[in-house]
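Colleague: The following block contains the structure, expressed as C-alpha cells.
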Amino acid sequence: MVKDQICNNIFIFYQLDRVPFYKTAAFHEATQYLENGVEFLGLSGKWGSGKTESAKQVHISVTGKSPTILTDLKKFDCQEQNEALVFDEAILEDLSDREKKILQDKINVWFEKVSVNEIKTFIIFTSIEDRKLPFRKIIPVTSDNELKVINLNDRLTQGDRTQILNSHFNTFCPNKNFSKFEYLATKGRNASLGYPEICALYCRCEHFQKQGYIFCSRPLRYLTLYLEKMYHSKKNMFLMLVYMSLNQMEIDTQNPDEMLLNELETCKSSNHTQAETLVNTIIDIVRRGNVKDVHSLMAWEFVDEVPETSKYKLQHNVIKRMTLIIFGTFHFDKLLELTKREDLEGWIEKSSIFKTVKSSVDEIMPILIIDGKKWKQYEEKM
C-alpha cells in the first residue's frame, strides 16, 4: 500500500514497514538535468541527507530501471557494465593523480561503448563534501558536457522539514502526539548528520526522544553513547549489529557466515582473548533458525526486516560506521582482523590533544581515534 502526499515542493511516498523516500526540489532538479542530456551529476551532502536514495530514485525516474551502484572502484568493469551508473561515495579524497587518470580512461572507454546504444548514458557521483574539482579530473576530456553538482544540505524549506518529520512520525510513532515532535522541523541544523536521518533516528528510538531537542544538536554523540550502553548490557544484540556491519549491512538467517559469527564469539568476554561460554550463542540461535530467538537479537531501532526474505538489514550506513567505531574502541585487534584494508580508509585517525579536547565538549566526528600503539598496528595493516 502506497499513499502520496504533496506539500510545498516535496513528494512523500509511504510504504508499510519501510522508511519513506522524499522527492524534493533537488530531486526534480537532478532528474531534469539528466533528461536534458547532462552526462555527469554529483550529489553531495552529509550523512543522512538522502544522497544514495536520491541517486537511486533519480536513476529510476530517468531510465525506468534500478541502478548499478558501485562503492568500490575496483569493481568498475568498463567492458561489462552497459547502463548508467551510480558511484556511491566511491571517489576517495586521497586518489592519486595516476589513479584518477586510470579511472578517467576507464570511464572514457565505458562511455564510448554504451553511448552507441539508445539509452540514457550518465554517471551519478555521491560524496559527503562538495567535490566538483576532483570529479572534473576523472571526467573524460573528450566530453563537452558540463558537470552538475547539487548539494543536498540545507535545501529543505520549513514545510519540507515538517513533512519529512511527519512521514517518519506516522511510520514509527503512530500512537504519539505529533505536536511534541514538531520543534524538530526548525531545530537540528548541525554539521554531522542530515535532517532526514535525524528524523529517522529520533522517531525509531524512544531513548533519543527522551533527550528532547538536544538530540538534534549532537545526534552522533547520542548514537554513540546508546551503542556503548548496548555493548555493555546487550552484547549479543550489539554483536549482531557488528556482524551486519561487516557483512554488506545484512544477515541472511538461512545462510549466515558462520566463520564471521565464530570470530565474533571471542568478543563476548571482557577479556577479548577468551570466548565466554553461553548456551544461547549467536551462531546457535541462527543455525537453529528459531524466529523468536533471532528476533530477540535484533536492535529494531536500527534494523529492518527485508520483506519476503530471511534477511535483516541495517537501516542506514551511519549505523554501520558508528557500530564499527564502538567495536573498534573495545576490540581494535579484531576490527583490523575482520575488516578489509580499503574499508578502513578515511575513518581512523591518530589521537592528539586537540582532538581529545574537542571530542569531549563538541559533537563527535564519525571517526575512530586511536593511540600511538594502535596507530602502528593500523599502519602495518594498511
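Identifiers in this document derive from the order of the C-alpha cells: chains are assigned A, B, ..., residues are numbered from 1 separately in each chain, and ligands are numbered from 1 in order of occurrence.
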Just asking: which residues within range 310-345 of chain A are alpha helix (DSSP H) according to DSSP, as a list of chain:residue names?
Modeller: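 The alpha helix (DSSP H) subset of range 310-345 of chain A is A:Asn317, A:Val318, A:Ile319, A:Lys320, A:Arg321, A:Met322, A:Thr323, A:Leu324, A:Ile325, A:Ile326, A:Phe327, A:Gly328, A:Thr329, A:Phe330, A:Phe332, A:Asp333, A:Lys334, A:Leu335, A:Leu336, A:Glu337, A:Leu338, A:Arg341, A:Glu342, A:Asp343, A:Leu344.
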Colleague: Convert the current residue selection to file output with N, CA, C and O atoms, as an mmCIF file, in the first residue's frame.
Modeller:
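out-v5.cif, freshly written:
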```cif
data_model
loop_
_atom_site.group_PDB
_atom_site.id
_atom_site.type_symbol
_atom_site.label_atom_id
_atom_site.label_comp_id
_atom_site.auth_asym_id
_atom_site.auth_seq_id
_atom_site.Cartn_x
_atom_site.Cartn_y
_atom_site.Cartn_z
ATOM 1 N N ASN A 317 23.744 3.580 6.588
ATOM 2 C CA ASN A 317 25.200 3.446 6.674
ATOM 3 C C ASN A 317 25.768 4.086 7.941
ATOM 4 O O ASN A 317 26.813 3.681 8.439
ATOM 5 N N VAL A 318 25.084 5.089 8.479
ATOM 6 C CA VAL A 318 25.575 5.727 9.696
ATOM 7 C C VAL A 318 25.590 4.739 10.862
ATOM 8 O O VAL A 318 26.465 4.805 11.732
ATOM 9 N N ILE A 319 24.646 3.798 10.874
ATOM 10 C CA ILE A 319 24.624 2.770 11.918
ATOM 11 C C ILE A 319 25.833 1.867 11.782
ATOM 12 O O ILE A 319 26.481 1.505 12.775
ATOM 13 N N LYS A 320 26.159 1.499 10.557
ATOM 14 C CA LYS A 320 27.340 0.674 10.310
ATOM 15 C C LYS A 320 28.604 1.355 10.821
ATOM 16 O O LYS A 320 29.391 0.751 11.556
ATOM 17 N N ARG A 321 28.818 2.600 10.421
ATOM 18 C CA ARG A 321 30.055 3.294 10.797
ATOM 19 C C ARG A 321 30.170 3.435 12.307
ATOM 20 O O ARG A 321 31.219 3.132 12.887
ATOM 21 N N MET A 322 29.123 3.901 12.967
ATOM 22 C CA MET A 322 29.206 4.147 14.397
ATOM 23 C C MET A 322 29.304 2.837 15.177
ATOM 24 O O MET A 322 29.970 2.774 16.215
ATOM 25 N N THR A 323 28.681 1.766 14.680
ATOM 26 C CA THR A 323 28.825 0.455 15.315
ATOM 27 C C THR A 323 30.265 -0.015 15.257
ATOM 28 O O THR A 323 30.821 -0.500 16.263
ATOM 29 N N LEU A 324 30.906 0.129 14.104
ATOM 30 C CA LEU A 324 32.292 -0.305 13.967
ATOM 31 C C LEU A 324 33.246 0.566 14.774
ATOM 32 O O LEU A 324 34.282 0.090 15.243
ATOM 33 N N ILE A 325 32.901 1.838 14.953
ATOM 34 C CA ILE A 325 33.729 2.698 15.802
ATOM 35 C C ILE A 325 33.686 2.216 17.250
ATOM 36 O O ILE A 325 34.725 2.124 17.918
ATOM 37 N N ILE A 326 32.486 1.887 17.739
ATOM 38 C CA ILE A 326 32.373 1.362 19.103
ATOM 39 C C ILE A 326 33.066 0.008 19.200
ATOM 40 O O ILE A 326 33.807 -0.273 20.156
ATOM 41 N N PHE A 327 32.875 -0.848 18.229
ATOM 42 C CA PHE A 327 33.512 -2.159 18.217
ATOM 43 C C PHE A 327 35.033 -2.007 18.233
ATOM 44 O O PHE A 327 35.735 -2.687 18.986
ATOM 45 N N GLY A 328 35.549 -1.093 17.414
ATOM 46 C CA GLY A 328 36.985 -0.865 17.365
ATOM 47 C C GLY A 328 37.539 -0.267 18.641
ATOM 48 O O GLY A 328 38.708 -0.482 18.991
ATOM 49 N N THR A 329 36.717 0.478 19.370
ATOM 50 C CA THR A 329 37.145 1.049 20.640
ATOM 51 C C THR A 329 37.482 -0.053 21.646
ATOM 52 O O THR A 329 38.455 0.049 22.396
ATOM 53 N N PHE A 330 36.694 -1.118 21.641
ATOM 54 C CA PHE A 330 36.883 -2.199 22.613
ATOM 55 C C PHE A 330 37.639 -3.399 22.042
ATOM 56 O O PHE A 330 38.228 -4.173 22.802
ATOM 57 N N PHE A 332 39.976 -3.449 18.992
ATOM 58 C CA PHE A 332 40.655 -2.913 17.818
ATOM 59 C C PHE A 332 41.379 -4.004 17.034
ATOM 60 O O PHE A 332 41.367 -4.005 15.796
ATOM 61 N N ASP A 333 42.016 -4.935 17.745
ATOM 62 C CA ASP A 333 42.707 -6.034 17.070
ATOM 63 C C ASP A 333 41.740 -6.819 16.177
ATOM 64 O O ASP A 333 42.066 -7.166 15.038
ATOM 65 N N LYS A 334 40.567 -7.094 16.718
ATOM 66 C CA LYS A 334 39.582 -7.870 15.973
ATOM 67 C C LYS A 334 39.038 -7.068 14.787
ATOM 68 O O LYS A 334 38.778 -7.626 13.715
ATOM 69 N N LEU A 335 38.875 -5.771 14.977
ATOM 70 C CA LEU A 335 38.434 -4.924 13.871
ATOM 71 C C LEU A 335 39.420 -4.983 12.713
ATOM 72 O O LEU A 335 39.029 -5.137 11.548
ATOM 73 N N LEU A 336 40.714 -4.862 13.021
ATOM 74 C CA LEU A 336 41.737 -4.944 11.976
ATOM 75 C C LEU A 336 41.719 -6.305 11.293
ATOM 76 O O LEU A 336 41.906 -6.413 10.086
ATOM 77 N N GLU A 337 41.477 -7.350 12.079
ATOM 78 C CA GLU A 337 41.500 -8.715 11.544
ATOM 79 C C GLU A 337 40.332 -8.968 10.596
ATOM 80 O O GLU A 337 40.490 -9.642 9.566
ATOM 81 N N LEU A 338 39.161 -8.428 10.922
ATOM 82 C CA LEU A 338 37.946 -8.777 10.192
ATOM 83 C C LEU A 338 37.582 -7.800 9.085
ATOM 84 O O LEU A 338 36.660 -8.068 8.305
ATOM 85 N N ARG A 341 41.299 -3.838 4.144
ATOM 86 C CA ARG A 341 42.110 -2.631 4.222
ATOM 87 C C ARG A 341 41.380 -1.423 3.634
ATOM 88 O O ARG A 341 41.350 -0.349 4.239
ATOM 89 N N GLU A 342 40.768 -1.598 2.471
ATOM 90 C CA GLU A 342 40.107 -0.464 1.823
ATOM 91 C C GLU A 342 38.895 0.028 2.604
ATOM 92 O O GLU A 342 38.498 1.197 2.485
ATOM 93 N N ASP A 343 38.300 -0.856 3.428
ATOM 94 C CA ASP A 343 37.134 -0.453 4.216
ATOM 95 C C ASP A 343 37.513 0.368 5.445
ATOM 96 O O ASP A 343 36.639 0.952 6.102
ATOM 97 N N LEU A 344 38.802 0.403 5.782
ATOM 98 C CA LEU A 344 39.251 1.169 6.950
ATOM 99 C C LEU A 344 39.657 2.595 6.594
ATOM 100 O O LEU A 344 39.776 3.443 7.479
#
```
Colleague: Name the closest residue to Gly48 in chain A among the candidates A:Gln163, A:Asn153, A:Asn290, A:Ser245; distances are taken between atoms, counting only C-alpha atoms.
Modeller: A:Asn153
Colleague: Rank nothing, just name the residue among A:Leu193, A:Ala26, A:Cys216, A:Ala200 nearest to Asn170 in chain A, using only C-alpha atoms.
Modeller: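 Of all the options, A:Ala200 lies closest to Asn170 in chain A.
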Colleague: Would you pick out the contacts of Ser310 in chain A at 8 Å or less, using only C-alpha atoms, so that residues sharing its chain but fewer than 5 positions from it are not included, and give the list as a PyMOL selection string?
Modeller: chain A and resi 252-254
Colleague: Output C-alpha atoms of each residue in that selection to a file, as a PDB file, in the first residue's frame.
Modeller:
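After the write, result-v7.pdb holds the following:
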```
ATOM      1  CA  ASP A 252      20.643 -13.888   5.931  1.00  0.00           C
ATOM      2  CA  THR A 253      19.466 -16.173   8.716  1.00  0.00           C
ATOM      3  CA  GLN A 254      19.117 -19.042   6.242  1.00  0.00           C
TER       4      GLN A 254
END
```
Colleague: Show which residues sit within 7 Å of Val62 in chain A, as JSON, numbers by chain. Count only C-alpha atoms, and ignore same-chain residues fewer than 4 positions away.
Modeller: {"A": [31, 35, 58]}
Colleague: Using N, CA and C atoms, can you export the residues from the last selection as a short mmCIF file (atom, residue, chain, number, x, y, z; two decimals), in the first residue's frame?
Modeller:
```
data_model
loop_
_atom_site.label_atom_id
_atom_site.label_comp_id
_atom_site.auth_asym_id
_atom_site.auth_seq_id
_atom_site.Cartn_x
_atom_site.Cartn_y
_atom_site.Cartn_z
N THR A 31 16.77 15.23 -11.84
CA THR A 31 16.10 14.49 -12.91
C THR A 31 16.06 15.31 -14.19
N GLU A 35 17.62 14.30 -17.87
CA GLU A 35 16.70 14.19 -19.01
C GLU A 35 17.07 15.16 -20.12
N VAL A 58 16.42 8.98 -8.75
CA VAL A 58 16.65 9.79 -9.96
C VAL A 58 16.95 8.86 -11.14
#
```
Colleague: Determine, counting only C-alpha atoms, which protein, DNA and RNA residues have an atom within 9 Å of an atom of Ala84 in chain A; residues of the same chain fewer than 2 positions away are not included. Present the result as a list in words.
Modeller: His59, Thr63, Pro67, Thr68, Gln81, Asn82, Val86, Val114, Ile119, Lys120, Thr121, Phe122, Ile123 and Ile124 of chain A
Colleague: Next, write the just-selected residues to a file, as a CSV table (one decimal), in the first residue's frame, keeping C-alpha atoms as the atom set.
Modeller:
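The resulting again.csv:
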```csv
chain,number,residue,atom,x,y,z
A,59,HIS,CA,18.1,6.9,-11.9
A,63,THR,CA,15.8,5.2,-17.1
A,67,PRO,CA,20.8,1.4,-11.0
A,68,THR,CA,24.1,-0.4,-10.8
A,81,GLN,CA,28.7,-2.5,-17.4
A,82,ASN,CA,26.3,-1.4,-20.1
A,86,VAL,CA,25.9,5.4,-9.6
A,114,VAL,CA,27.5,2.5,-24.1
A,119,ILE,CA,19.8,4.5,-23.7
A,120,LYS,CA,20.3,7.3,-21.3
A,121,THR,CA,24.0,7.5,-20.6
A,122,PHE,CA,25.2,9.2,-17.4
A,123,ILE,CA,27.1,8.7,-14.2
A,124,ILE,CA,25.9,10.0,-10.8
```
Colleague: For each of A:Glu53, A:Asn262, A:Ser192, A:Glu349, take the minimum atom-to-atom distance to Glu363 in chain A, counting only C-alpha atoms, then give the residue where this is smallest.
Modeller: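 Closest to Glu363 in chain A of all the choices is A:Ser192.
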Colleague: I'd like the neighbourhood of Tyr183 in chain A as a list in words, where a residue qualifies if any of its atoms comes within 10 Å (using only C-alpha atoms), though same-chain residues fewer than 6 positions away should be ignored.
Modeller: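 Neighbouring residues, sequence-local ones excluded: Thr162, Leu165, Gly212 and Tyr213 of chain A.
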Colleague: Among range 64-136 of chain A, which ones does DSSP place in strand (DSSP E or B), written as a list in words?
Modeller: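 Taking range 64-136 of chain A and keeping strand (DSSP E or B) only, one gets Thr68, Ile69, Leu70, Leu85, Val86, Phe87, Asp88, Ile123, Ile124, Phe125, Thr126 and Ser127 of chain A.
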Colleague: With distances taken over only C-alpha atoms, which of A:Lys106, A:His232, A:Arg136, A:Arg204 is nearest to Ala299 in chain A?
Modeller: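 Between A:Lys106, A:His232, A:Arg136, A:Arg204, the residue approaching Ala299 in chain A most closely is A:Arg204.
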Colleague: Could you tell me how far CA of Arg155 in chain A lies from CA of Ser49 in chain A, in Å and to one decimal?
Modeller: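 CA of Arg155 in chain A sits 9.6 Å away from CA of Ser49 in chain A.
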Colleague: Please determine, counting only C-alpha atoms, which residue among A:Phe238, A:Tyr222, A:Phe302, A:Phe111 has the shortest atom-to-atom distance to Glu265 in chain A.
Modeller: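 The closest residue to Glu265 in chain A is A:Phe238.
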